[in-house]
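*Asks:* Handing you a structure now.
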Amino acid sequence: MDKQLLRKIMKEKRLALTSQTFSLYNQQILSKVLTHPRVQEAKIIGCYVSLPREVDTLAIIQTLLLHKRVCVPKVEGSQMNFYEIHSLDELHSGCFHVLEPVTSHFIEPGDIDCMLVPLLAYDQNNYRVGYGKGYYDRYFQRNFHGYKMGLAFSFQYVDHIDYDVYDYPLDEIIHEMS
């Protein structure tokens with residue numbers, strides 16, 4: 001299936017979730033993420049800041065900040081960098097209306113132990129369809145050696161995603177039923 005069409009379908013499916021189902025799925029995913037051995041072992045965790053109707057990461061970030069070092073992405077030109085935050089108050093609207101860090105504590109890609117990654121669709125080999133800008137795949141090329149954990153709803157699964165040499169599979173996908 002064409003990636004643009006797949007993106008459109010998945011966005012519509014997310015919008016179709018009732019508020020109650022959306023909240024329930026997010027609670028289940030939050031619990032799985034926070035109890036995951038890779039998250040518990042990690043010293044520095046990279047985490048996207050969710051958009052409306054994505055798997056909600058604000059509660060994940062807020063909880064992780066109690067015991068972990070957390071960094072979040074900021075788009076700078078054609079690349080994405082991660083900066084450590086200590087509070088959700090250090091986030092302000094940035095590129096594509098996504099909340100971005102206003103801190104200046106840059107975190108090297110090789111220092112991140114676990115990365116929580118957004119996606120619109122995923123397949124059996126843990127390849128993902130993102131929003132089409134390639135920021136995460138380019139980031140993973142930059143000496144990133146951490147664990148790549150996608151956060152999704154189970155309905156975002158598809159049988160196969162066409163990928164190329166620039167696409168990186170994730171190590172694992174966490175969803176409400178995993």
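In the structure tokens, each chain is lettered A, B, ... as it comes, each chain's residues begin at 1, and ligands are numbered from 1 in order of appearance.
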If we count only C-alpha atoms, what is near region 49-64 of chain A at a cut-off of 7 Å, once residues fewer than 3 positions away on the same chain are taken out, given as number ranges by chain?

*Replies:* A: 14-15, 26, 30, 67-68, 72, 88, 98-99, 151-152

*Asks:* Once you have the residues from the selection above, write them out as a compact mmCIF listing (two decimals), in the first residue's frame, restricted to C-alpha atoms.

*Replies:*
```txt
# COMPACT_ATOMS: atom_id res chain seq x y z
CA ARG A 14 -6.99 7.23 15.41
CA LEU A 15 -9.58 9.99 15.12
CA ASN A 26 -3.08 4.96 26.68
CA LEU A 30 1.78 3.65 29.85
CA HIS A 67 13.63 8.70 38.27
CA LYS A 68 15.28 8.97 34.85
CA VAL A 72 13.01 15.04 23.78
CA LEU A 88 7.13 19.51 31.03
CA VAL A 98 4.93 19.94 18.23
CA LEU A 99 6.10 20.77 21.73
CA LEU A 151 4.50 3.14 20.65
CA ALA A 152 1.30 2.34 18.77
```

*Asks:* Apply DSSP to the structure's backbone, then extract all residues of chain A labelled strand (DSSP E) and return them as number ranges by chain.

*Replies:* A: 44-47, 69-76, 79-85, 91-93, 99-101, 106-107, 114-117, 121-122, 128-129, 147-151, 172-174

*Asks:* Measuring between only C-alpha atoms, which one of A:Asp113, A:Asp2, A:Lys43, A:Thr103 shows the shortest distance to Asp162 (chain A)?

*Replies:*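 Nearest to Asp162 (chain A): A:Asp2.
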
*Asks:* I want to know what sits within 12 Å of Asp164 (chain A), based on only C-alpha atoms, with residues of the same chain fewer than 6 positions away left out; could you give that as a list in words?

*Replies:*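 These residues fall inside the cut-off: Tyr127, Arg128, Val129, Gly134 and Asp137 of chain A.
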
*Asks:* Those residues with N, CA and C atoms, as a short mmCIF file (atom, residue, chain, number, x, y, z; two decimals), in the first residue's frame please?

*Replies:*
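To be explicit, this is the file written out as result.cif:
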```
data_model
loop_
_atom_site.label_atom_id
_atom_site.label_comp_id
_atom_site.auth_asym_id
_atom_site.auth_seq_id
_atom_site.Cartn_x
_atom_site.Cartn_y
_atom_site.Cartn_z
N TYR A 127 9.13 -2.69 11.01
CA TYR A 127 9.34 -1.48 10.21
C TYR A 127 8.15 -0.58 10.46
N ARG A 128 8.38 0.71 10.37
CA ARG A 128 7.34 1.68 10.68
C ARG A 128 7.13 2.65 9.53
N VAL A 129 5.94 3.21 9.51
CA VAL A 129 5.66 4.36 8.67
C VAL A 129 5.48 5.52 9.62
N GLY A 134 11.49 11.51 7.64
CA GLY A 134 12.72 10.73 7.80
C GLY A 134 13.60 11.15 8.97
N ASP A 137 14.84 7.98 11.14
CA ASP A 137 15.78 7.13 10.42
C ASP A 137 17.13 7.82 10.27
#
```

*Asks:* Taking only chain A into account, list the residues labelled helix (DSSP H, G or I) by DSSP (computed from the backbone), as JSON, numbers by chain.

*Replies:* {"A": [3, 4, 5, 6, 7, 8, 9, 10, 11, 12, 13, 14, 15, 16, 19, 20, 21, 22, 23, 24, 25, 26, 27, 28, 29, 30, 31, 32, 33, 34, 35, 37, 38, 39, 40, 41, 58, 59, 60, 61, 62, 63, 64, 88, 89, 90, 95, 96, 97, 109, 110, 111, 135, 136, 137, 138, 139, 140, 154, 155, 156]}

*Asks:* Find the residues around His145 (chain A) up to 12 Å (only C-alpha atoms counted), leave out those fewer than 5 positions away in its own chain, and share them as a list in words.

*Replies:*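 After dropping sequence-adjacent residues, the list is Glu108, Pro109, Gly110, Asp111, Ile112, Asp113, Cys114, Met115, Tyr139, Phe140, Tyr168, Leu170 and Asp171 of chain A.
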